[in-house]
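Coordinates as given in start05.txt (compact mmCIF, C-alpha atoms):
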```
# COMPACT_ATOMS: atom_id res chain seq x y z
CA MET A 270 -41.51 6.33 45.24
CA THR A 271 -40.66 8.50 42.24
CA VAL A 272 -41.47 7.00 38.85
CA THR A 273 -39.00 7.98 36.21
CA LYS A 274 -40.65 8.58 32.86
CA PRO A 275 -38.81 7.31 29.81
CA SER A 276 -36.91 10.07 28.13
CA THR A 277 -38.22 11.19 24.78
CA PRO A 278 -35.88 11.69 21.84
CA VAL A 279 -34.84 15.28 21.24
CA HIS A 280 -35.06 14.74 17.48
CA PRO A 281 -37.21 12.64 15.11
CA TYR A 282 -34.34 10.71 13.53
CA TYR A 283 -33.33 7.07 13.84
CA PRO A 284 -31.61 5.55 15.67
CA ILE A 285 -33.20 7.61 18.40
CA GLU A 286 -29.99 7.61 20.45
CA ALA A 287 -28.07 9.31 17.63
CA GLU A 288 -26.43 12.56 18.69
CA ILE A 289 -27.28 15.50 16.44
CA VAL A 290 -25.36 18.60 17.42
CA GLY A 291 -27.40 21.81 17.62
CA TYR A 292 -30.57 20.25 16.25
CA LEU A 293 -33.45 22.60 15.40
CA ALA A 294 -36.75 21.43 13.94
CA ASN A 295 -37.52 22.60 10.41
CA GLU A 296 -39.53 25.80 10.14
CA TRP A 297 -41.16 24.76 6.84
CA ASP A 298 -43.44 21.77 6.39
CA THR A 299 -42.72 18.87 4.05
CA LEU A 300 -44.99 19.99 1.21
CA THR A 301 -43.44 23.46 1.15
CA LEU A 302 -39.95 21.98 0.93
CA LEU A 303 -40.93 19.51 -1.80
CA PHE A 304 -42.62 22.22 -3.85
CA ALA A 305 -39.57 24.44 -3.48
CA PHE A 306 -37.31 21.62 -4.69
CA ALA A 307 -39.63 20.82 -7.59
CA GLY A 308 -39.80 24.51 -8.51
CA GLY A 309 -36.03 24.73 -8.59
CA CYS A 310 -35.80 21.67 -10.86
CA THR A 311 -38.45 23.13 -13.17
CA ALA A 312 -36.55 26.40 -13.46
CA ILE A 313 -33.31 24.54 -14.26
CA PHE A 314 -35.01 22.45 -16.94
CA SER A 315 -36.71 25.50 -18.49
CA VAL A 316 -33.54 27.58 -18.77
CA THR A 317 -31.55 24.59 -20.04
CA TYR A 318 -34.16 23.87 -22.70
CA MET A 319 -34.02 27.43 -24.04
CA ILE A 320 -30.22 27.50 -24.12
CA VAL A 321 -29.87 24.14 -25.86
CA LYS A 322 -32.53 24.96 -28.46
CA ARG A 323 -30.69 28.18 -29.24
CA LEU A 324 -27.36 26.36 -29.62
CA ARG A 325 -28.76 23.39 -31.58
CA PRO A 326 -32.24 24.08 -32.96
CA ASN A 327 -32.46 20.56 -34.41
CA VAL A 328 -31.19 18.76 -31.32
CA SER A 329 -32.65 15.29 -30.86
CA TYR A 330 -34.99 14.55 -27.97
CA SER A 331 -32.52 12.06 -26.51
CA ASP A 332 -29.66 14.57 -26.55
CA LEU A 333 -31.89 17.28 -25.10
CA ALA A 334 -33.02 14.98 -22.28
CA THR A 335 -29.40 13.95 -21.61
CA VAL A 336 -28.25 17.57 -21.42
CA MET A 337 -31.06 18.34 -18.98
CA TRP A 338 -30.05 15.37 -16.86
CA PHE A 339 -26.42 16.42 -16.62
CA VAL A 340 -27.28 20.06 -15.92
CA LEU A 341 -29.59 18.97 -13.11
CA CYS A 342 -26.83 16.68 -11.82
CA GLY A 343 -24.38 19.56 -11.96
CA PHE A 344 -26.60 21.78 -9.84
CA ILE A 345 -27.44 19.03 -7.34
CA HIS A 346 -23.87 17.76 -7.05
CA PHE A 347 -22.05 21.08 -6.92
CA PHE A 348 -24.48 23.31 -5.04
CA PHE A 349 -26.76 21.03 -3.01
CA GLU A 350 -24.28 18.30 -2.11
CA GLY A 351 -21.48 20.84 -1.94
CA TYR A 352 -23.58 22.72 0.62
CA PHE A 353 -23.68 19.59 2.75
CA ALA A 354 -19.93 19.01 2.46
CA PHE A 355 -19.24 22.60 3.52
CA ASN A 356 -21.75 22.66 6.41
CA PHE A 357 -21.64 19.05 7.62
CA LYS A 358 -20.61 19.99 11.18
CA ARG A 359 -23.64 22.22 11.72
CA MET A 360 -26.32 20.56 9.59
CA GLY A 361 -28.61 19.91 12.54
CA GLY A 362 -29.25 23.60 13.12
CA MET A 363 -29.36 24.91 9.53
CA GLN A 364 -32.62 26.68 8.68
CA ASP A 365 -32.11 27.93 5.13
CA LEU A 366 -33.72 26.12 2.19
CA PHE A 367 -30.88 23.67 1.55
CA GLY A 368 -30.42 22.99 5.24
CA GLN A 369 -34.09 22.19 5.76
CA LEU A 370 -34.15 20.03 2.62
CA TRP A 371 -31.23 18.02 3.96
CA LYS A 372 -32.93 17.61 7.34
CA GLU A 373 -36.10 16.46 5.60
CA TYR A 374 -34.16 13.91 3.54
CA SER A 375 -32.25 12.81 6.64
CA LEU A 376 -35.46 11.32 8.00
CA SER A 377 -34.59 8.46 5.64
CA ASP A 378 -30.85 8.52 6.41
CA SER A 379 -29.74 10.20 9.62
CA ARG A 380 -26.05 9.80 8.71
CA TYR A 381 -26.26 13.22 7.07
CA LEU A 382 -26.78 14.80 10.50
CA THR A 383 -24.29 12.77 12.53
CA GLN A 384 -21.06 13.70 10.71
CA ASP A 385 -20.75 10.21 9.25
CA ALA A 386 -17.36 9.72 7.59
CA PHE A 387 -18.61 7.83 4.55
CA VAL A 388 -21.36 10.22 3.48
CA LEU A 389 -19.07 13.20 4.05
CA CYS A 390 -16.30 11.76 1.86
CA MET A 391 -18.75 10.52 -0.77
CA GLU A 392 -20.64 13.82 -1.00
CA THR A 393 -17.41 15.85 -1.07
CA ILE A 394 -16.00 13.81 -3.95
CA THR A 395 -19.34 14.07 -5.74
CA ALA A 396 -19.47 17.85 -5.33
CA VAL A 397 -15.85 18.50 -6.31
CA CYS A 398 -15.57 16.00 -9.18
CA TRP A 399 -18.94 15.08 -10.62
CA GLY A 400 -20.53 18.52 -10.19
CA PRO A 401 -18.19 20.47 -12.53
CA LEU A 402 -17.78 17.49 -14.86
CA SER A 403 -21.57 17.21 -15.18
CA PHE A 404 -21.72 20.80 -16.43
CA LEU A 405 -18.84 20.12 -18.81
CA THR A 406 -20.52 16.96 -20.13
CA ALA A 407 -23.78 18.84 -20.66
CA ALA A 408 -21.91 21.51 -22.67
CA LEU A 409 -20.16 18.86 -24.79
CA ILE A 410 -23.46 17.15 -25.59
CA ALA A 411 -25.22 20.45 -26.30
CA THR A 412 -22.54 21.34 -28.87
CA ASP A 413 -22.30 17.74 -30.20
CA HIS A 414 -18.59 17.60 -29.39
CA PRO A 415 -16.82 14.24 -30.02
CA LEU A 416 -15.60 14.13 -26.41
CA ARG A 417 -19.16 13.91 -25.15
CA TYR A 418 -19.09 10.11 -24.93
CA PRO A 419 -15.87 9.72 -22.91
CA PHE A 420 -16.97 12.33 -20.38
CA GLN A 421 -20.52 10.95 -20.31
CA GLY A 422 -19.07 7.54 -19.46
CA ILE A 423 -16.67 8.87 -16.82
CA VAL A 424 -19.30 10.87 -14.95
CA SER A 425 -21.94 8.13 -15.21
CA LEU A 426 -19.55 5.49 -13.88
CA GLY A 427 -18.60 7.76 -10.97
CA GLN A 428 -22.25 8.39 -10.14
CA LEU A 429 -23.12 4.71 -10.40
CA TYR A 430 -20.19 3.65 -8.23
CA GLY A 431 -20.94 6.24 -5.53
CA ASP A 432 -24.63 5.36 -5.38
CA VAL A 433 -23.97 1.62 -5.16
CA LEU A 434 -21.58 2.24 -2.25
CA TYR A 435 -24.15 4.52 -0.64
CA TYR A 436 -26.79 1.79 -0.73
CA ALA A 437 -24.33 -0.93 0.24
CA THR A 438 -22.94 0.76 3.36
CA CYS A 439 -26.42 1.49 4.68
CA MET A 440 -27.68 -2.03 3.99
CA PHE A 441 -24.53 -3.50 5.53
CA ASP A 442 -25.21 -1.75 8.84
CA HIS A 443 -28.88 -2.73 8.67
CA TRP A 444 -28.39 -6.43 7.97
CA LEU A 445 -25.23 -7.06 10.00
CA TYR A 446 -25.75 -4.77 12.99
CA ASN A 447 -29.54 -4.32 12.85
CA LEU A 448 -28.92 -0.58 12.72
CA SER A 449 -31.46 1.50 10.81
CA TYR A 450 -30.90 5.12 9.81
CA SER A 451 -34.43 5.60 8.47
CA ARG A 452 -37.61 6.28 10.38
CA PRO A 453 -40.01 3.29 10.52
CA GLU A 454 -42.60 4.93 8.24
CA GLY A 455 -42.32 3.19 4.89
CA TYR A 456 -42.54 6.28 2.71
CA TYR A 457 -39.30 7.69 4.12
CA PHE A 458 -37.40 4.57 3.15
CA TRP A 459 -39.10 3.81 -0.19
CA CYS A 460 -39.69 7.36 -1.46
CA TYR A 461 -36.67 9.22 -0.11
CA PHE A 462 -33.96 6.60 0.30
CA VAL A 463 -34.81 4.14 -2.48
CA LEU A 464 -36.66 6.10 -5.18
CA MET A 465 -34.79 9.40 -5.06
CA ASN A 466 -31.42 7.66 -5.22
CA ALA A 467 -32.50 5.09 -7.80
CA PHE A 468 -32.35 7.78 -10.50
CA TRP A 469 -28.56 7.76 -10.07
CA ILE A 470 -28.54 4.01 -10.67
CA VAL A 471 -30.83 3.78 -13.70
CA PHE A 472 -29.84 6.87 -15.72
CA PRO A 473 -26.06 6.52 -15.28
CA PHE A 474 -26.26 2.83 -16.21
CA VAL A 475 -28.11 3.63 -19.45
CA LEU A 476 -25.76 6.51 -20.31
CA LEU A 477 -22.69 4.43 -19.50
CA TRP A 478 -23.97 1.68 -21.79
CA ASN A 479 -24.59 4.22 -24.56
CA SER A 480 -21.06 5.55 -24.15
CA VAL A 481 -19.56 2.06 -24.38
CA ARG A 482 -21.58 1.31 -27.53
CA ALA A 483 -20.61 4.62 -29.15
CA THR A 484 -16.94 4.01 -28.33
CA GLY A 485 -17.16 0.52 -29.79
CA ARG A 486 -18.72 1.83 -33.01
CA ALA A 487 -16.02 4.50 -33.31
CA PHE A 488 -13.18 2.01 -32.98
CA SER A 489 -14.93 -0.39 -35.35
CA ALA A 490 -15.24 2.34 -37.98
CA LEU A 491 -11.61 3.34 -37.48
CA GLU A 492 -10.51 -0.27 -37.91
CA LYS A 493 -12.42 -0.51 -41.19
CA VAL A 494 -10.77 2.66 -42.46
CA ASP A 495 -7.33 1.32 -41.52
CA LYS A 496 -8.01 -1.95 -43.34
CA THR A 497 -9.22 -0.07 -46.43
CA LEU A 498 -6.08 2.10 -46.48
CA LYS A 499 -3.84 -0.93 -46.11
CA LYS A 500 -5.53 -2.65 -49.04
CA LYS A 501 -5.04 0.44 -51.24
CA GLN A 502 -1.38 0.55 -50.30
```

Let me see whether you can do it: turn the structure in this file into structure tokens.
Amino acid sequence: MTVTKPSTPVHPYYPIEAEIVGYLANEWDTLTLLFAFAGGCTAIFSVTYMIVKRLRPNVSYSDLATVMWFVLCGFIHFFFEGYFAFNFKRMGGMQDLFGQLWKEYSLSDSRYLTQDAFVLCMETITAVCWGPLSFLTAALIATDHPLRYPFQGIVSLGQLYGDVLYYATCMFDHWLYNLSYSRPEGYYFWCYFVLMNAFWIVFPFVLLWNSVRATGRAFSALEKVDKTLKKKQ
């Protein structure tokens, strides 16, 4: 009698029965990919710092940090997430830096390799809308333009809304259908899925709150001026 051995998954992603078209294992190891990503972020921060200090030598630390945040968001949204939106049909076989980074991250969320409708639409909107607007917001803050607060609020609300939906759709499938897109090792879920996306919950919330407060102060000051003018009249 022939004993049939259980078939082994052709990829390391969960659920193991997920179909990933043209899958090829990454050529670079995890540490190499993480160092490459960290190096890219460091270069972006360094160049941004020099440009902002040249434009506004006396820029405050909070404004400088905010500009750096939006520039980083611009690069991630437009180039990295835009890369995914453009290549979503063939992500499983991509072997350039961005492709391997996405496959590494997908160990915590395999939807990025299975042509999932939600992540495709969400990432496309993020790349097309919030990428360019992040660069614009960074420029407005760097030059201390009055429109910085409206655009800061718009982009931050968009980021916050998209990230909440991203978490919610994944948790919905997990709790209702017992369907997990992350590997069972805890660090994929907590470090990749939770921590790396939490930045786009915390920072946008703080910046949105700052925008609302600044808008409130502006209208309050305008109201006082109007009342003063009416009294003089």

task: Name the closest residue to Trp469 (chain A) among the candidates A:Ile289, A:Val397, A:Val433, A:Ala490; distances are taken between atoms, counting only C-alpha atoms.
output: A:Val433

- request: Pick out the closest residue to Phe462 (chain A) from this set: A:Tyr430, A:Trp478, A:Phe357, A:Tyr374. Count only C-alpha atoms.
  value: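 The shortest atom-to-atom distance to Phe462 (chain A) comes from A:Tyr374.
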
- prompt: In Å, how far is it from CA of Ser425 (chain A) to CA of Ile320 (chain A)?
  reply: 22.9 Å

Top pick for closest residue to Phe314 (chain A), considering A:Asn295, A:Ser329, A:Asn479, A:Thr335 and counting only C-alpha atoms: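 Nearest to Phe314 (chain A): A:Thr335.
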
Pairwise distance for CA of Tyr282 (chain A) and CA of Asp385 (chain A), rounded to one decimal in Å: 14.3 Å

statement: re CA of Cys390 (chain A) and CA of Gly431 (chain A): distance 10.3 Å

field: Pick from A:Glu288, A:Glu392, A:Glu492, A:Asp332, whichever lies nearest to Phe348 (chain A) using all atoms listed in the file
entry: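 Distance minimum relative to Phe348 (chain A) lands on A:Glu392.
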
- request: Could you give me, as a list in words, the residues within 12 Å of Pro401 (chain A), counting only C-alpha atoms and dropping anything in the same chain fewer than 2 positions from it?
  value: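 The residues satisfying every condition are Phe339, Val340, Leu341, Cys342, Gly343, Phe344, Ile345, His346, Phe347, Phe348, Gly351, Ile394, Thr395, Ala396, Val397, Cys398, Trp399, Ser403, Phe404, Leu405, Thr406, Ala407, Ala408, Phe420 and Val424 of chain A.
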
Quick one: write out the picked residues with C-alpha atoms as an mmCIF file, keeping the file's coordinate frame?
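The resulting file, out35.cif, is reproduced below:
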```
data_model
loop_
_atom_site.group_PDB
_atom_site.id
_atom_site.type_symbol
_atom_site.label_atom_id
_atom_site.label_comp_id
_atom_site.auth_asym_id
_atom_site.auth_seq_id
_atom_site.Cartn_x
_atom_site.Cartn_y
_atom_site.Cartn_z
ATOM 1 C CA PHE A 339 -26.420 16.420 -16.620
ATOM 2 C CA VAL A 340 -27.280 20.060 -15.920
ATOM 3 C CA LEU A 341 -29.590 18.970 -13.110
ATOM 4 C CA CYS A 342 -26.830 16.680 -11.820
ATOM 5 C CA GLY A 343 -24.380 19.560 -11.960
ATOM 6 C CA PHE A 344 -26.600 21.780 -9.840
ATOM 7 C CA ILE A 345 -27.440 19.030 -7.340
ATOM 8 C CA HIS A 346 -23.870 17.760 -7.050
ATOM 9 C CA PHE A 347 -22.050 21.080 -6.920
ATOM 10 C CA PHE A 348 -24.480 23.310 -5.040
ATOM 11 C CA GLY A 351 -21.480 20.840 -1.940
ATOM 12 C CA ILE A 394 -16.000 13.810 -3.950
ATOM 13 C CA THR A 395 -19.340 14.070 -5.740
ATOM 14 C CA ALA A 396 -19.470 17.850 -5.330
ATOM 15 C CA VAL A 397 -15.850 18.500 -6.310
ATOM 16 C CA CYS A 398 -15.570 16.000 -9.180
ATOM 17 C CA TRP A 399 -18.940 15.080 -10.620
ATOM 18 C CA SER A 403 -21.570 17.210 -15.180
ATOM 19 C CA PHE A 404 -21.720 20.800 -16.430
ATOM 20 C CA LEU A 405 -18.840 20.120 -18.810
ATOM 21 C CA THR A 406 -20.520 16.960 -20.130
ATOM 22 C CA ALA A 407 -23.780 18.840 -20.660
ATOM 23 C CA ALA A 408 -21.910 21.510 -22.670
ATOM 24 C CA PHE A 420 -16.970 12.330 -20.380
ATOM 25 C CA VAL A 424 -19.300 10.870 -14.950
#
```

- prompt: Using only C-alpha atoms, which residue out of A:Arg417, A:Arg380, A:Lys322, A:His280 lies closest to Val481 (chain A)?
  reply: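 Comparing A:Arg417, A:Arg380, A:Lys322, A:His280 against Val481 (chain A), the winner is A:Arg417.
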
- request: Kindly indicate which residue among A:Leu366, A:Val279, A:Val321, A:Pro284 lies nearest to Thr301 (chain A), using only C-alpha atoms for the distances.
  value: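 For Thr301 (chain A), the nearest of the given residues is A:Leu366.
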
Quick one: axis-aligned box around all listed atoms of region 431-449 of chain A, 3 Å on every side, centre and edge lengths in Å to one decimal, written as AutoDock Vina command-line options.
```
--center_x -26.2 --center_y -0.4 --center_z 3.7 --size_x 16.5 --size_y 19.3 --size_z 24.5
```

Spatial neighbours of Leu477 (chain A), max dist 8 Å, only C-alpha atoms, sep filter under 5 positions, as a PDB file with C-alpha atoms, in the coordinates of the input:
```pdb
ATOM      1  CA  GLN A 421     -20.520  10.950 -20.310  1.00  0.00           C
ATOM      2  CA  GLY A 422     -19.070   7.540 -19.460  1.00  0.00           C
ATOM      3  CA  ILE A 423     -16.670   8.870 -16.820  1.00  0.00           C
ATOM      4  CA  SER A 425     -21.940   8.130 -15.210  1.00  0.00           C
ATOM      5  CA  LEU A 426     -19.550   5.490 -13.880  1.00  0.00           C
TER       6      LEU A 426
END
```

- prompt: Contacts of Gly291 (chain A) at 8 Å or less, counting all atoms listed in the file, minus same-chain residues fewer than 5 places along, as a ChimeraX atom specification?
  reply: /A:359,361-362

Please complete region 294-315 of chain A so it has N, CA, C and O atoms, and hand it over as a PDB file, in the frame of the given file.
```
ATOM      1  N   ALA A 294     -35.712  21.949  14.832  1.00  0.00           N
ATOM      2  CA  ALA A 294     -36.750  21.430  13.940  1.00  0.00           C
ATOM      3  C   ALA A 294     -36.931  22.360  12.747  1.00  0.00           C
ATOM      4  O   ALA A 294     -36.758  23.585  12.853  1.00  0.00           O
ATOM      5  N   ASN A 295     -37.288  21.796  11.605  1.00  0.00           N
ATOM      6  CA  ASN A 295     -37.520  22.600  10.410  1.00  0.00           C
ATOM      7  C   ASN A 295     -38.648  23.607  10.625  1.00  0.00           C
ATOM      8  O   ASN A 295     -39.666  23.294  11.260  1.00  0.00           O
ATOM      9  N   GLU A 296     -38.490  24.770  10.056  1.00  0.00           N
ATOM     10  CA  GLU A 296     -39.530  25.800  10.140  1.00  0.00           C
ATOM     11  C   GLU A 296     -40.583  25.616   9.056  1.00  0.00           C
ATOM     12  O   GLU A 296     -41.712  26.068   9.200  1.00  0.00           O
ATOM     13  N   TRP A 297     -40.221  24.976   7.945  1.00  0.00           N
ATOM     14  CA  TRP A 297     -41.160  24.760   6.840  1.00  0.00           C
ATOM     15  C   TRP A 297     -41.653  23.317   6.864  1.00  0.00           C
ATOM     16  O   TRP A 297     -40.916  22.404   7.251  1.00  0.00           O
ATOM     17  N   ASP A 298     -42.903  23.126   6.422  1.00  0.00           N
ATOM     18  CA  ASP A 298     -43.440  21.770   6.390  1.00  0.00           C
ATOM     19  C   ASP A 298     -42.947  21.027   5.154  1.00  0.00           C
ATOM     20  O   ASP A 298     -42.326  21.594   4.252  1.00  0.00           O
ATOM     21  N   THR A 299     -43.235  19.738   5.118  1.00  0.00           N
ATOM     22  CA  THR A 299     -42.720  18.870   4.050  1.00  0.00           C
ATOM     23  C   THR A 299     -43.185  19.304   2.677  1.00  0.00           C
ATOM     24  O   THR A 299     -42.387  19.360   1.732  1.00  0.00           O
ATOM     25  N   LEU A 300     -44.473  19.611   2.527  1.00  0.00           N
ATOM     26  CA  LEU A 300     -44.990  19.990   1.210  1.00  0.00           C
ATOM     27  C   LEU A 300     -44.324  21.257   0.686  1.00  0.00           C
ATOM     28  O   LEU A 300     -44.002  21.357  -0.500  1.00  0.00           O
ATOM     29  N   THR A 301     -44.106  22.220   1.561  1.00  0.00           N
ATOM     30  CA  THR A 301     -43.440  23.460   1.150  1.00  0.00           C
ATOM     31  C   THR A 301     -42.035  23.173   0.638  1.00  0.00           C
ATOM     32  O   THR A 301     -41.617  23.695  -0.401  1.00  0.00           O
ATOM     33  N   LEU A 302     -41.309  22.323   1.335  1.00  0.00           N
ATOM     34  CA  LEU A 302     -39.950  21.980   0.930  1.00  0.00           C
ATOM     35  C   LEU A 302     -39.941  21.223  -0.396  1.00  0.00           C
ATOM     36  O   LEU A 302     -39.118  21.495  -1.278  1.00  0.00           O
ATOM     37  N   LEU A 303     -40.877  20.282  -0.554  1.00  0.00           N
ATOM     38  CA  LEU A 303     -40.930  19.510  -1.800  1.00  0.00           C
ATOM     39  C   LEU A 303     -41.314  20.385  -2.980  1.00  0.00           C
ATOM     40  O   LEU A 303     -40.756  20.240  -4.082  1.00  0.00           O
ATOM     41  N   PHE A 304     -42.239  21.301  -2.772  1.00  0.00           N
ATOM     42  CA  PHE A 304     -42.620  22.220  -3.850  1.00  0.00           C
ATOM     43  C   PHE A 304     -41.464  23.148  -4.204  1.00  0.00           C
ATOM     44  O   PHE A 304     -41.251  23.481  -5.371  1.00  0.00           O
ATOM     45  N   ALA A 305     -40.723  23.580  -3.213  1.00  0.00           N
ATOM     46  CA  ALA A 305     -39.570  24.440  -3.480  1.00  0.00           C
ATOM     47  C   ALA A 305     -38.514  23.686  -4.294  1.00  0.00           C
ATOM     48  O   ALA A 305     -37.933  24.234  -5.244  1.00  0.00           O
ATOM     49  N   PHE A 306     -38.275  22.428  -3.940  1.00  0.00           N
ATOM     50  CA  PHE A 306     -37.310  21.620  -4.690  1.00  0.00           C
ATOM     51  C   PHE A 306     -37.793  21.382  -6.112  1.00  0.00           C
ATOM     52  O   PHE A 306     -37.022  21.511  -7.074  1.00  0.00           O
ATOM     53  N   ALA A 307     -39.070  21.040  -6.264  1.00  0.00           N
ATOM     54  CA  ALA A 307     -39.630  20.820  -7.590  1.00  0.00           C
ATOM     55  C   ALA A 307     -39.600  22.092  -8.426  1.00  0.00           C
ATOM     56  O   ALA A 307     -39.324  22.055  -9.638  1.00  0.00           O
ATOM     57  N   GLY A 308     -39.860  23.230  -7.791  1.00  0.00           N
ATOM     58  CA  GLY A 308     -39.800  24.510  -8.510  1.00  0.00           C
ATOM     59  C   GLY A 308     -38.406  24.818  -8.999  1.00  0.00           C
ATOM     60  O   GLY A 308     -38.226  25.314 -10.117  1.00  0.00           O
ATOM     61  N   GLY A 309     -37.411  24.520  -8.178  1.00  0.00           N
ATOM     62  CA  GLY A 309     -36.030  24.730  -8.590  1.00  0.00           C
ATOM     63  C   GLY A 309     -35.658  23.853  -9.776  1.00  0.00           C
ATOM     64  O   GLY A 309     -35.013  24.313 -10.731  1.00  0.00           O
ATOM     65  N   CYS A 310     -36.063  22.585  -9.740  1.00  0.00           N
ATOM     66  CA  CYS A 310     -35.800  21.670 -10.860  1.00  0.00           C
ATOM     67  C   CYS A 310     -36.484  22.148 -12.130  1.00  0.00           C
ATOM     68  O   CYS A 310     -35.902  22.098 -13.229  1.00  0.00           O
ATOM     69  N   THR A 311     -37.719  22.627 -12.007  1.00  0.00           N
ATOM     70  CA  THR A 311     -38.450  23.130 -13.170  1.00  0.00           C
ATOM     71  C   THR A 311     -37.756  24.329 -13.793  1.00  0.00           C
ATOM     72  O   THR A 311     -37.648  24.441 -15.018  1.00  0.00           O
ATOM     73  N   ALA A 312     -37.262  25.233 -12.954  1.00  0.00           N
ATOM     74  CA  ALA A 312     -36.550  26.400 -13.460  1.00  0.00           C
ATOM     75  C   ALA A 312     -35.268  25.989 -14.188  1.00  0.00           C
ATOM     76  O   ALA A 312     -34.937  26.521 -15.257  1.00  0.00           O
ATOM     77  N   ILE A 313     -34.539  25.030 -13.619  1.00  0.00           N
ATOM     78  CA  ILE A 313     -33.310  24.540 -14.260  1.00  0.00           C
ATOM     79  C   ILE A 313     -33.616  23.922 -15.605  1.00  0.00           C
ATOM     80  O   ILE A 313     -32.940  24.193 -16.608  1.00  0.00           O
ATOM     81  N   PHE A 314     -34.642  23.089 -15.669  1.00  0.00           N
ATOM     82  CA  PHE A 314     -35.010  22.450 -16.940  1.00  0.00           C
ATOM     83  C   PHE A 314     -35.440  23.483 -17.976  1.00  0.00           C
ATOM     84  O   PHE A 314     -35.076  23.384 -19.157  1.00  0.00           O
ATOM     85  N   SER A 315     -36.194  24.490 -17.554  1.00  0.00           N
ATOM     86  CA  SER A 315     -36.710  25.500 -18.490  1.00  0.00           C
ATOM     87  C   SER A 315     -35.580  26.310 -19.113  1.00  0.00           C
ATOM     88  O   SER A 315     -35.527  26.502 -20.337  1.00  0.00           O
TER      89      SER A 315
END
```
